[in-house]
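Coordinates as given in work30.cif (mmCIF, C-alpha atoms):
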```
data_query
loop_
_atom_site.label_atom_id
_atom_site.label_comp_id
_atom_site.auth_asym_id
_atom_site.auth_seq_id
_atom_site.Cartn_x
_atom_site.Cartn_y
_atom_site.Cartn_z
CA MET A 292 31.49 18.05 33.33
CA SER A 293 34.77 16.89 34.64
CA SER A 294 36.31 19.32 37.08
CA ALA A 295 39.79 18.30 35.90
CA PRO A 296 41.65 20.89 33.82
CA TYR A 297 41.24 20.66 30.09
CA ARG A 298 43.62 18.29 28.32
CA PRO A 299 43.53 17.78 24.56
CA VAL A 300 42.78 14.17 23.73
CA THR A 301 45.57 13.01 21.49
CA SER A 302 45.79 9.26 21.93
CA GLY A 303 43.28 7.08 20.10
CA ARG A 304 41.81 10.08 18.36
CA VAL A 305 39.43 9.18 15.52
CA MET A 306 38.59 11.63 12.78
CA LYS A 307 34.95 12.78 12.80
CA THR A 308 33.02 15.06 10.51
CA ILE A 309 30.89 17.67 12.23
CA TYR A 310 28.58 19.98 10.35
CA ILE A 311 28.20 23.45 11.79
CA ALA A 312 25.74 26.11 10.70
CA PRO A 313 27.26 29.54 9.83
CA GLN A 314 25.69 31.19 12.88
CA LEU A 315 27.27 28.67 15.16
CA TRP A 316 30.60 29.09 13.42
CA ASP A 317 30.39 32.87 14.04
CA GLU A 318 29.61 32.16 17.64
CA PHE A 319 32.74 30.08 17.92
CA GLU A 320 34.76 32.83 16.25
CA ASN A 321 33.57 35.37 18.79
CA LEU A 322 34.18 33.02 21.65
CA TRP A 323 37.66 32.35 20.41
CA LEU A 324 38.44 36.03 19.90
CA ASP A 325 37.16 36.78 23.40
CA GLN A 326 39.46 34.18 24.76
CA LEU A 327 42.40 35.61 22.82
CA LYS A 328 41.69 39.03 24.28
CA GLU A 329 41.84 37.50 27.70
CA ASP A 330 45.23 36.15 26.77
CA LYS A 331 44.19 32.53 26.96
CA LYS A 332 46.08 30.10 24.85
CA ALA A 333 43.36 27.68 23.85
CA SER A 334 43.17 27.30 20.10
CA LYS A 335 39.90 27.05 18.22
CA ILE A 336 40.30 23.28 17.90
CA GLU A 337 40.84 23.06 21.63
CA LEU A 338 37.72 25.09 22.09
CA PHE A 339 35.77 22.58 20.04
CA GLU A 340 37.20 19.69 21.96
CA ARG A 341 36.34 21.32 25.24
CA LEU A 342 32.81 21.86 24.04
CA LEU A 343 32.41 18.27 22.89
CA GLN A 344 33.93 16.99 26.12
CA ARG A 345 31.41 19.02 28.07
CA GLY A 346 28.56 17.57 26.05
CA LEU A 347 29.83 14.03 26.51
CA ASP A 348 30.18 14.54 30.25
CA GLN A 349 26.64 15.77 30.41
CA GLN A 350 25.40 12.75 28.48
CA ARG A 351 27.39 10.42 30.70
CA LYS A 352 25.75 11.96 33.74
CA VAL A 353 22.27 11.37 32.29
CA VAL A 354 23.09 7.77 31.39
CA SER A 355 24.49 7.04 34.83
CA LYS A 356 21.34 8.45 36.40
CA SER A 357 19.23 6.14 34.26
CA VAL A 358 21.40 3.17 35.17
CA GLU A 359 20.95 4.02 38.85
CA LYS A 360 17.18 4.15 38.39
CA VAL A 361 17.14 0.80 36.63
CA GLY A 362 19.15 -0.64 39.50
CA GLU A 363 16.68 0.75 42.01
CA TYR A 364 13.82 -0.65 40.01
CA ASN A 365 15.35 -4.09 39.88
CA GLN A 366 15.97 -4.07 43.60
CA GLU A 367 12.81 -2.52 44.95
CA GLY A 368 10.16 -3.20 42.37
CA ILE A 369 8.07 -0.84 40.35
CA SER A 370 5.77 0.26 43.17
CA ASN A 371 8.57 1.85 45.16
CA VAL A 372 10.27 3.67 42.35
CA GLY A 373 7.82 4.49 39.60
CA PRO A 374 8.49 6.98 36.84
CA SER A 375 10.09 9.74 38.87
CA GLN A 376 10.17 13.26 37.62
CA GLU A 377 13.93 13.16 37.79
CA SER A 378 14.28 10.22 35.43
CA THR A 379 11.77 11.68 32.99
CA ARG A 380 13.53 14.99 33.06
CA ALA A 381 16.89 13.37 32.59
CA ASN A 382 15.99 12.52 29.02
CA ASP A 383 15.02 16.08 28.32
CA ILE A 384 18.15 17.53 29.78
CA SER A 385 20.68 16.02 27.42
CA ILE A 386 23.02 18.48 25.73
CA GLN A 387 20.47 21.23 25.56
CA SER A 388 20.55 22.10 29.25
CA SER A 389 24.19 21.73 29.96
CA SER A 390 24.12 24.89 32.02
CA GLU A 391 21.47 23.56 34.40
CA PRO A 392 23.07 22.86 37.76
CA THR A 393 22.74 19.61 39.65
CA THR A 394 22.46 20.33 43.31
CA LYS A 395 24.90 17.70 44.49
CA ASN A 396 27.75 18.84 42.26
CA PRO A 397 29.87 21.51 43.95
CA THR A 398 31.31 22.73 40.64
CA SER A 399 27.93 23.37 39.05
CA ALA A 400 27.61 26.88 40.40
CA SER A 401 30.87 27.94 38.87
CA ARG A 402 29.88 26.25 35.60
CA ARG A 403 26.79 28.39 35.46
CA GLN A 404 28.95 31.45 35.53
CA GLU A 405 30.91 30.40 32.45
CA PRO A 406 30.27 32.59 29.42
CA LYS A 407 28.64 31.28 26.25
CA THR A 408 26.92 28.31 27.90
CA ASP A 409 24.13 28.65 25.37
CA VAL A 410 26.58 27.40 22.76
CA MET A 411 25.24 23.91 23.33
CA ASN A 412 21.78 25.10 22.40
CA GLU A 413 23.25 26.45 19.23
CA VAL A 414 24.84 23.09 18.52
CA LYS A 415 21.51 21.37 18.86
CA THR A 416 19.72 23.95 16.71
CA SER A 417 22.41 23.69 14.11
CA LEU A 418 22.25 19.91 13.95
CA ALA A 419 18.45 19.96 13.81
CA ALA A 420 18.54 22.40 10.91
CA ILE A 421 21.02 20.23 9.05
CA SER A 422 19.01 17.05 9.54
CA THR A 423 15.80 18.79 8.42
CA SER A 424 17.38 20.15 5.28
CA SER A 425 18.90 16.77 4.37
CA LYS A 426 15.52 15.10 4.90
CA LYS A 427 13.89 17.63 2.59
CA SER A 428 16.36 17.01 -0.15
CA GLN A 429 16.54 13.21 0.02
CA ARG A 430 13.38 11.68 1.47
CA LEU A 431 10.15 11.46 -0.48
CA SER A 432 6.74 11.27 1.12
CA PRO A 433 4.89 7.92 0.77
CA LEU A 434 2.60 9.50 -1.83
CA GLU A 435 5.56 10.78 -3.84
CA ARG A 436 7.24 7.38 -3.59
CA LEU A 437 4.09 5.65 -4.88
CA LYS A 438 3.85 8.03 -7.83
CA ALA A 439 7.53 7.74 -8.63
CA ALA A 440 7.28 3.96 -8.58
CA SER A 441 4.08 3.60 -10.55
CA ASP A 442 3.70 6.47 -12.99
CA PRO A 443 5.13 5.27 -16.29
CA GLY A 444 4.81 8.72 -17.83
CA LYS A 445 2.69 7.45 -20.68
CA PRO A 446 0.04 4.72 -20.93
CA ALA A 447 1.39 1.22 -21.49
CA GLN A 448 1.22 0.37 -25.18
CA LEU A 449 -1.20 -2.52 -24.81
CA ASP A 450 -3.35 -3.20 -27.80
CA THR A 451 -6.44 -4.14 -25.83
CA ALA A 452 -9.78 -5.36 -27.09
CA SER A 453 -11.54 -2.83 -24.90
CA ARG A 454 -9.59 -0.01 -26.56
CA ARG A 455 -10.31 -1.33 -30.06
CA LEU A 456 -14.01 -1.79 -29.34
CA ALA A 457 -14.19 1.65 -27.75
CA LYS A 458 -12.65 3.15 -30.90
CA GLU A 459 -15.09 1.26 -33.11
CA SER A 460 -18.07 2.48 -31.13
CA GLU A 461 -16.83 6.08 -31.49
CA MET B 221 -31.47 -2.63 -18.09
CA SER B 222 -28.90 -5.26 -17.22
CA MET B 223 -25.46 -4.22 -16.05
CA ILE B 224 -22.14 -6.01 -16.63
CA ILE B 225 -19.62 -5.81 -13.80
CA SER B 226 -16.10 -7.15 -14.28
CA TYR B 227 -13.74 -7.84 -11.41
CA VAL B 228 -10.27 -7.33 -12.82
CA GLN B 229 -6.84 -6.63 -11.45
CA TRP B 230 -3.39 -7.40 -12.80
CA LYS B 231 -2.20 -8.17 -9.30
CA GLY B 232 -3.42 -11.54 -8.02
CA GLY B 233 -4.71 -12.31 -4.55
CA VAL B 234 -6.53 -9.02 -4.02
CA GLY B 235 -10.02 -10.53 -3.63
CA LYS B 236 -11.52 -10.49 -7.11
CA SER B 237 -13.23 -13.88 -6.77
CA THR B 238 -14.31 -13.27 -3.18
CA LEU B 239 -16.04 -10.00 -3.96
CA ALA B 240 -17.35 -11.26 -7.31
CA VAL B 241 -19.20 -14.27 -5.87
CA LEU B 242 -20.64 -12.35 -2.93
CA THR B 243 -21.79 -9.31 -4.88
CA ALA B 244 -23.21 -11.52 -7.64
CA ALA B 245 -25.26 -13.30 -4.97
CA LEU B 246 -26.50 -10.01 -3.52
CA MET B 247 -27.36 -8.61 -6.95
CA ASP B 248 -29.02 -11.84 -8.09
CA ALA B 249 -26.73 -11.60 -11.10
CA VAL B 250 -25.36 -14.31 -13.37
CA LEU B 251 -21.80 -15.08 -12.32
CA VAL B 252 -19.41 -15.82 -15.20
CA ASP B 253 -16.25 -17.58 -14.06
CA LEU B 254 -13.41 -16.87 -16.48
CA GLU B 255 -10.72 -18.11 -14.13
CA PRO B 256 -9.19 -21.22 -15.74
CA TRP B 257 -8.56 -22.76 -12.30
CA ALA B 258 -12.21 -22.21 -11.39
CA GLY B 259 -11.99 -20.31 -8.09
CA ALA B 260 -15.58 -19.07 -8.17
CA THR B 261 -16.85 -22.38 -9.54
CA THR B 262 -15.20 -24.24 -6.68
CA TRP B 263 -16.77 -21.89 -4.12
CA TRP B 264 -20.12 -22.36 -5.85
CA ALA B 265 -20.06 -26.13 -6.31
CA GLY B 266 -18.04 -27.37 -3.34
CA ARG B 267 -17.26 -31.06 -3.70
CA ASP B 268 -18.92 -31.19 -7.14
CA ALA B 269 -16.53 -28.55 -8.47
CA ALA B 270 -14.07 -30.96 -10.09
CA ARG B 271 -16.89 -32.73 -11.92
CA ILE B 272 -18.14 -29.44 -13.34
CA TRP B 273 -14.63 -28.25 -14.19
CA GLN B 274 -13.98 -31.44 -16.18
CA ALA B 275 -17.47 -31.82 -17.63
CA PRO B 276 -17.32 -33.87 -20.85
CA GLY B 277 -19.10 -31.24 -22.91
CA GLY B 278 -16.15 -28.84 -22.72
CA SER B 279 -16.17 -25.20 -21.73
CA PRO B 280 -19.68 -23.72 -21.85
CA ILE B 281 -18.15 -20.35 -22.68
CA LEU B 282 -16.11 -21.54 -25.65
CA GLY B 283 -19.03 -23.72 -26.74
CA ALA B 284 -21.36 -20.72 -26.70
CA LEU B 285 -18.91 -18.71 -28.79
CA ALA B 286 -18.65 -21.53 -31.30
CA LYS B 287 -22.42 -21.78 -31.64
CA ALA B 288 -23.17 -18.06 -31.17
CA ARG B 289 -25.77 -18.98 -28.58
CA PRO B 290 -25.86 -17.80 -24.96
CA PRO B 291 -24.79 -20.49 -22.48
CA LYS B 292 -27.41 -21.63 -20.00
CA PRO B 293 -26.57 -20.60 -16.44
CA ARG B 294 -26.57 -23.29 -13.75
CA ARG B 295 -29.13 -22.55 -11.06
CA GLY B 296 -27.62 -21.45 -7.77
CA LYS B 297 -28.99 -22.80 -4.51
CA ALA B 298 -28.89 -21.67 -0.89
CA GLY B 299 -27.99 -18.07 -1.65
CA ARG B 300 -25.56 -18.79 -4.45
CA PRO B 301 -25.89 -16.88 -7.74
CA ASP B 302 -26.57 -18.57 -11.05
CA LEU B 303 -23.31 -19.55 -12.69
CA ILE B 304 -21.59 -19.99 -16.02
CA PRO B 305 -18.82 -22.22 -14.72
CA SER B 306 -15.18 -22.37 -15.66
CA HIS B 307 -13.73 -25.38 -17.41
CA GLU B 308 -10.29 -26.91 -17.61
CA GLU B 309 -10.27 -26.17 -21.35
CA LEU B 310 -9.62 -22.54 -20.45
CA LEU B 311 -6.19 -23.61 -19.20
CA GLY B 312 -5.24 -24.40 -22.78
CA LEU B 313 -6.07 -20.89 -23.98
CA SER B 314 -2.69 -19.38 -23.28
CA SER B 315 -0.88 -22.01 -25.34
CA GLY B 316 -3.58 -21.92 -28.02
CA ASP B 317 -3.51 -25.69 -28.42
CA LEU B 318 -7.15 -26.53 -27.85
CA PRO B 319 -8.04 -28.74 -30.83
CA ASN B 320 -10.73 -27.27 -33.08
CA THR B 321 -11.35 -24.39 -30.67
CA THR B 322 -8.55 -21.84 -30.47
CA THR B 323 -5.31 -21.04 -32.22
CA TRP B 324 -2.74 -18.29 -32.35
CA ALA B 325 -2.52 -16.47 -35.66
CA TRP B 326 -1.20 -13.23 -37.09
CA SER B 327 -3.84 -10.56 -37.02
CA SER B 328 -4.27 -7.99 -39.79
CA SER B 329 -2.30 -5.53 -37.62
CA GLY B 330 0.65 -7.92 -37.66
CA LYS B 331 0.34 -9.05 -34.07
CA PRO B 332 -0.12 -12.63 -32.89
CA THR B 333 -3.68 -12.99 -31.65
CA LEU B 334 -5.55 -15.81 -29.97
CA LEU B 335 -8.40 -16.77 -32.28
CA VAL B 336 -11.50 -18.71 -31.36
CA SER B 337 -13.87 -20.54 -33.67
CA THR B 338 -17.23 -18.91 -34.29
CA PRO B 339 -19.96 -19.43 -36.89
CA MET B 340 -18.38 -16.51 -38.75
CA GLY B 341 -14.97 -18.17 -38.81
CA PRO B 342 -11.99 -17.60 -36.52
CA GLN B 343 -12.26 -14.39 -34.49
CA PRO B 344 -9.99 -12.78 -31.88
CA LEU B 345 -11.02 -14.27 -28.53
CA ALA B 346 -10.98 -11.02 -26.57
CA GLU B 347 -13.23 -9.11 -28.98
CA SER B 348 -15.49 -12.05 -29.65
CA LEU B 349 -16.01 -12.88 -25.97
CA GLY B 350 -16.36 -9.21 -25.00
CA THR B 351 -19.04 -8.62 -27.60
CA SER B 352 -20.80 -11.92 -26.87
CA ILE B 353 -21.10 -11.32 -23.13
CA LYS B 354 -23.02 -8.13 -23.88
CA VAL B 355 -25.39 -10.12 -26.07
CA TRP B 356 -25.77 -12.82 -23.44
CA ALA B 357 -26.58 -10.26 -20.73
CA LYS B 358 -29.36 -8.87 -22.89
CA ASP B 359 -30.65 -12.35 -23.58
CA TRP B 360 -30.67 -13.29 -19.90
CA GLY B 361 -32.17 -9.92 -18.99
CA ARG B 362 -30.11 -9.87 -15.81
CA ASP B 363 -27.02 -8.29 -14.36
CA VAL B 364 -23.78 -10.16 -15.06
CA VAL B 365 -20.76 -10.36 -12.77
CA ILE B 366 -17.52 -11.58 -14.36
CA ASP B 367 -14.68 -13.01 -12.33
CA THR B 368 -11.30 -12.98 -14.07
CA PRO B 369 -7.86 -14.40 -13.32
CA GLY B 370 -5.03 -12.10 -12.28
CA GLY B 371 -2.59 -10.88 -14.91
CA PHE B 372 -3.15 -9.58 -18.41
CA GLY B 373 -4.54 -11.72 -21.24
CA PRO B 374 -7.49 -12.15 -23.61
CA LEU B 375 -9.87 -13.25 -20.81
CA GLN B 376 -9.29 -10.12 -18.72
CA ASP B 377 -9.28 -8.05 -21.87
CA ALA B 378 -12.65 -9.48 -22.90
CA ALA B 379 -14.12 -8.80 -19.45
CA LEU B 380 -12.97 -5.18 -19.65
CA ALA B 381 -14.30 -4.81 -23.18
CA ALA B 382 -17.72 -6.10 -22.12
CA CYS B 383 -18.23 -4.33 -18.83
CA ASP B 384 -20.23 -1.29 -17.83
CA VAL B 385 -18.28 -1.09 -14.58
CA ALA B 386 -14.78 -2.43 -13.98
CA VAL B 387 -14.20 -3.17 -10.31
CA LEU B 388 -10.56 -3.19 -9.24
CA PRO B 389 -10.10 -4.63 -5.75
CA VAL B 390 -6.86 -3.57 -4.11
CA MET B 391 -5.11 -4.42 -0.89
CA LEU B 392 -3.63 -1.50 0.98
CA ASP B 393 -0.01 -2.54 0.75
CA GLN B 394 3.17 -1.93 -1.17
CA TRP B 395 2.53 -4.82 -3.55
CA SER B 396 -0.91 -3.89 -4.81
CA MET B 397 -0.87 -0.11 -4.92
CA PRO B 398 1.79 0.44 -7.63
CA ALA B 399 0.16 -2.28 -9.77
CA LEU B 400 -3.19 -0.56 -9.37
CA ARG B 401 -1.78 2.77 -10.54
CA LYS B 402 -0.22 1.23 -13.64
CA MET B 403 -3.42 -0.60 -14.50
CA MET B 404 -5.55 2.53 -14.15
CA GLU B 405 -3.15 4.38 -16.43
CA THR B 406 -3.56 1.70 -19.10
CA TYR B 407 -7.36 1.54 -18.92
CA ARG B 408 -8.27 5.22 -18.81
CA HIS B 409 -10.47 4.76 -21.88
CA ILE B 410 -13.06 2.53 -20.21
CA SER B 411 -16.43 4.00 -19.35
CA ARG B 412 -16.39 3.55 -15.58
CA GLY B 413 -14.20 1.96 -12.96
CA LEU B 414 -14.26 1.49 -9.20
CA VAL B 415 -11.32 0.90 -6.92
CA VAL B 416 -12.29 -1.13 -3.84
CA PRO B 417 -9.85 -1.24 -0.93
CA ASN B 418 -10.28 -4.82 0.23
CA ARG B 419 -9.41 -6.68 3.43
CA VAL B 420 -8.70 -3.40 5.18
CA ARG B 421 -7.28 -4.10 8.63
CA GLN B 422 -6.84 -2.11 11.81
CA ARG B 423 -3.12 -1.65 11.49
CA ARG B 424 -0.71 1.15 10.85
CA GLU B 425 0.19 0.15 7.29
CA ASP B 426 -3.44 0.12 6.20
CA ASN B 427 -4.06 3.48 7.86
CA ASN B 428 -1.10 5.00 6.05
CA TRP B 429 -2.17 3.62 2.69
CA SER B 430 -5.78 4.73 3.33
CA GLU B 431 -4.55 8.30 3.55
CA ILE B 432 -2.57 7.91 0.35
CA ILE B 433 -5.37 6.31 -1.66
CA MET B 434 -7.75 9.09 -0.64
CA ASP B 435 -5.46 11.69 -2.17
CA PRO B 436 -7.30 13.04 -5.24
CA SER B 437 -4.27 12.50 -7.46
CA VAL B 438 -3.96 8.77 -6.77
CA ILE B 439 -7.18 7.47 -8.32
CA LEU B 440 -7.18 8.33 -12.01
CA LYS B 441 -10.30 9.10 -14.02
CA PRO B 442 -12.59 7.38 -15.00
CA PHE B 443 -11.92 5.34 -11.86
CA SER B 444 -13.30 6.38 -8.50
CA LEU B 445 -12.94 5.14 -4.97
CA ALA B 446 -15.63 2.74 -3.69
CA PRO B 447 -16.42 2.07 -0.02
CA PRO B 448 -13.70 -0.11 1.51
CA VAL B 449 -14.37 -3.67 2.58
CA ALA B 450 -12.89 -4.34 5.99
CA GLU B 451 -11.32 -7.68 6.84
CA SER B 452 -14.15 -9.97 7.86
CA GLU B 453 -14.21 -13.66 8.56
CA LEU B 454 -17.62 -13.95 6.93
CA ILE B 455 -16.51 -12.25 3.74
CA HIS B 456 -12.96 -13.39 3.26
CA VAL B 457 -12.85 -16.83 4.86
CA ALA B 458 -16.37 -18.29 4.94
CA THR B 459 -17.43 -20.84 2.38
CA ARG B 460 -21.13 -20.01 2.51
CA PRO B 461 -22.86 -17.11 0.76
CA LEU B 462 -23.76 -14.31 3.15
CA ASN B 463 -27.43 -14.44 2.28
CA SER B 464 -27.60 -18.15 3.02
CA ALA B 465 -30.14 -18.97 5.71
CA ARG B 466 -27.49 -21.04 7.48
CA VAL B 467 -25.36 -18.02 8.38
CA PRO B 468 -26.48 -16.66 11.78
CA GLY B 469 -28.17 -13.31 11.31
CA ALA B 470 -26.51 -11.49 14.18
CA ILE B 471 -22.97 -11.88 12.92
CA ARG B 472 -23.62 -11.37 9.25
CA ALA B 473 -25.27 -7.96 9.52
CA GLN B 474 -22.04 -6.00 9.53
CA ALA B 475 -20.49 -8.02 6.70
CA LEU B 476 -23.67 -7.72 4.65
CA GLY B 477 -23.75 -3.97 5.27
CA GLN B 478 -20.30 -3.58 3.78
CA LEU B 479 -21.19 -5.52 0.65
CA GLN B 480 -24.52 -3.75 0.24
CA GLU B 481 -22.68 -0.43 0.28
CA LEU B 482 -20.38 -1.74 -2.43
CA VAL B 483 -23.31 -2.99 -4.51
CA ALA B 484 -25.04 0.39 -4.15
CA CYS B 485 -21.87 2.09 -5.35
CA ILE B 486 -21.61 -0.29 -8.32
CA ARG B 487 -25.20 0.43 -9.26
CA GLY B 488 -24.42 4.13 -9.02
CA ASP B 489 -26.80 4.79 -6.14
CA GLN B 490 -24.15 6.67 -4.17
CA LEU B 491 -22.44 8.50 -6.99
#
```
Representation of the structure as structure tokens:
Amino acid sequence: MSSAPYRPVTSGRVMKTIYIAPQLWDEFENLWLDQLKEDKKASKIELFERLLQRGLDQQRKVVSKSVEKVGEYNQEGISNVGPSQESTRANDISIQSSSEPTTKNPTSASRRQEPKTDVMNEVKTSLAAISTSSKKSQRLSPLERLKAASDPGKPAQLDTASRRLAKESE
Amino acid sequence: MSMIISYVQWKGGVGKSTLAVLTAALMDAVLVDLEPWAGATTWWAGRDAARIWQAPGGSPILGALAKARPPKPRRGKAGRPDLIPSHEELLGLSSGDLPNTTTWAWSSSGKPTLLVSTPMGPQPLAESLGTSIKVWAKDWGRDVVIDTPGGFGPLQDAALAACDVAVLPVMLDQWSMPALRKMMETYRHISRGLVVPNRVRQRREDNNWSEIIMDPSVILKPFSLAPPVAESELIHVATRPLNSARVPGAIRAQALGQLQELVACIRGDQL
């Protein structure tokens, strides 16, 4: 997270569509109301932007760590670096553990104190729920796809010799 | 009692001829090659195949229908089954322009039908051939394996009308599986059918399709799933019969085992 004070991004802004589950929306409402009580002037949109900015910062940090590791690998060879726990964990951190402090960052302790840091978890849960529900509604299993593609609904009207002979023998 | 086994599949390239020639050899059956381009005959005769395919006497199958006498199988050597070979005349069947042999005509049901000459006058080819093969099998007193061309026509129709067991080879891929389902839907009235997954390979696509084909709703009655035949150089590429003495014993055991399982299933030993 950048330690600089929050500034709304206005230049070069591109419209995005974000889907939010009702629970997460409620969470934002409460967060916003809390902030209003504390006489802070951030609007709900600003709150969103701050949240997204925090997530992007976190991602950037993970990516830069990976880039560093690749650099080390290229310089020193695989035997010296190897798959460190840090690099493996970096992939798991992502947005989910935005509250987890990094020891070198002096601002991380204060970040931990911020209220509602589990909001990012909610974001992830919300997005996962949305993607699951859209998969359920749109994607067929391979078996269902095969049946949909090959079941004509009624036998093909082929006047076959085998059918005629079978009828005769009945 | 002799058994008639027909290898049929609308989709081409699934291994009908390959499995037909090898199982016919194992069963010591008479192999009937209905493929106009003589796939099984070529495998059987090697460099003599063209001479047999263009034999001056014409198609032994159409000749037998015309005379109402069973054709005489050619004796197979070195592990090959006895054969009623294909003939180039069969290529003319679809156009119906074989002089004095076949013609298209309107049937009593108002549909154009390919007719073939018989001692009883012109008869629909599919019915006439289907009925005749049953008679021939009795006369020979042996099992009969019929190899058919891909697609749908009177030759495949005749093979299905004659058979006790229809064997439908299928490759585990997106091209063969839908065709298989449609074919099974059309032929649900036959007495017995087997679906044989053929050329099964150790790869993800085949594994996925294996799971699908084993679902009870995929194979429609009266068809059932036969033991799969895994990709094998000896089965799918080799030019020699597996029971030929010239195939080294050590490497053919596994390939033979697969085909023997299939033959047992065809005979109903494992049902």
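Under the PyMOL selection byres ((chain B) within 7 of (chain A)), the matching residues in the shown file are Ala346, Glu347, Asp377, Ala378, Leu380, Ala381, Pro398, Arg401, Lys402, Glu405, Thr406, His409 and Ile432 of chain B.
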*asked:* Expand the PyMOL selection byres ((chain B and resi 297) around 12) into the explicit residue set it covers here, and present it as a VMD selection string.
replied: chain B and resid 245 248 264 to 266 294 to 296 298 to 303 460 to 461 463 to 465
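If you count only C-alpha atoms and draw a sphere of 6 Å around (-11.7, -9.0, -14.6), the protein and nucleic acid residues inside it come out as Ser226, Tyr227, Val228, Asp367, Thr368, Gln376 and Ala379 of chain B.
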Go ahead and save the picked residues with C-alpha atoms, as a compact mmCIF listing (two decimals), in the frame of the given file.
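Saved as result-v6.txt:
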```txt
# COMPACT_ATOMS: atom_id res chain seq x y z
CA SER B 226 -16.10 -7.15 -14.28
CA TYR B 227 -13.74 -7.84 -11.41
CA VAL B 228 -10.27 -7.33 -12.82
CA ASP B 367 -14.68 -13.01 -12.33
CA THR B 368 -11.30 -12.98 -14.07
CA GLN B 376 -9.29 -10.12 -18.72
CA ALA B 379 -14.12 -8.80 -19.45
```
*Let me know the residues the PyMOL selection byres ((chain B and resi 415) around 7) catches in the file above, as a PyMOL selection string.*
chain B and resi 387-390+413-414+416-417+443-446
*For Trp273 of chain B, list every protein, DNA or RNA residue within 10 Å, evaluated using only C-alpha atoms, and leave out those in the same chain fewer than 2 positions away; present the list as a ChimeraX atom specification.*
/B:256-258,261-262,265,268-271,275-276,278-279,305-310
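If you look at atom CA of Ser222 of chain B and atom CA of Val385 of chain B, they are 11.7 Å away from each other.
Across the structure, atom CA of Thr321 of chain B and atom CA of Thr333 of chain B are spaced 13.8 Å apart.
Relative to atom CA of Trp263 of chain B, atom CA of Thr238 of chain B is found at 9.0 Å.
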Produce the centre coordinates and the three edge lengths, each in Å to one decimal, of the box along x, y and z that contains all listed atoms of segment 424-431 of chain B with 4 Å added on each side, as JSON.
```
{"center_x": -2.8, "center_y": 4.2, "center_z": 6.8, "size_x": 14.0, "size_y": 16.2, "size_z": 16.2}
```
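Among B:Ile304, B:Val241, B:Ala450, B:Ile455, the residue with the shortest atom-to-atom distance to Arg423 of chain B, counting all atoms listed in the file, is B:Ala450.
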Residue completion, segment 402-413 of chain B, N, CA and C atoms, as a tab-separated table (two decimals), keeping the file's coordinate frame:
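rebuild06.tsv written:
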```
chain	number	residue	atom	x	y	z
B	402	LYS	N	-0.60	1.51	-12.25
B	402	LYS	CA	-0.22	1.23	-13.64
B	402	LYS	C	-1.43	0.74	-14.44
B	403	MET	N	-2.25	-0.07	-13.79
B	403	MET	CA	-3.42	-0.60	-14.50
B	403	MET	C	-4.40	0.52	-14.84
B	404	MET	N	-4.62	1.42	-13.88
B	404	MET	CA	-5.55	2.53	-14.15
B	404	MET	C	-5.05	3.38	-15.31
B	405	GLU	N	-3.73	3.57	-15.35
B	405	GLU	CA	-3.15	4.38	-16.43
B	405	GLU	C	-3.42	3.74	-17.79
B	406	THR	N	-3.37	2.41	-17.83
B	406	THR	CA	-3.56	1.70	-19.10
B	406	THR	C	-5.02	1.70	-19.55
B	407	TYR	N	-5.94	1.68	-18.57
B	407	TYR	CA	-7.36	1.54	-18.92
B	407	TYR	C	-8.15	2.83	-18.71
B	408	ARG	N	-7.56	3.95	-19.03
B	408	ARG	CA	-8.27	5.22	-18.81
B	408	ARG	C	-9.38	5.43	-19.83
B	409	HIS	N	-9.44	4.57	-20.85
B	409	HIS	CA	-10.47	4.76	-21.88
B	409	HIS	C	-11.78	4.07	-21.55
B	410	ILE	N	-11.80	3.24	-20.50
B	410	ILE	CA	-13.06	2.53	-20.21
B	410	ILE	C	-14.10	3.50	-19.67
B	411	SER	N	-15.37	3.03	-19.69
B	411	SER	CA	-16.43	4.00	-19.35
B	411	SER	C	-16.47	4.31	-17.86
B	412	ARG	N	-16.31	3.29	-17.02
B	412	ARG	CA	-16.39	3.55	-15.58
B	412	ARG	C	-15.65	2.49	-14.79
B	413	GLY	N	-14.94	2.91	-13.78
B	413	GLY	CA	-14.20	1.96	-12.96
B	413	GLY	C	-14.29	2.31	-11.49
```
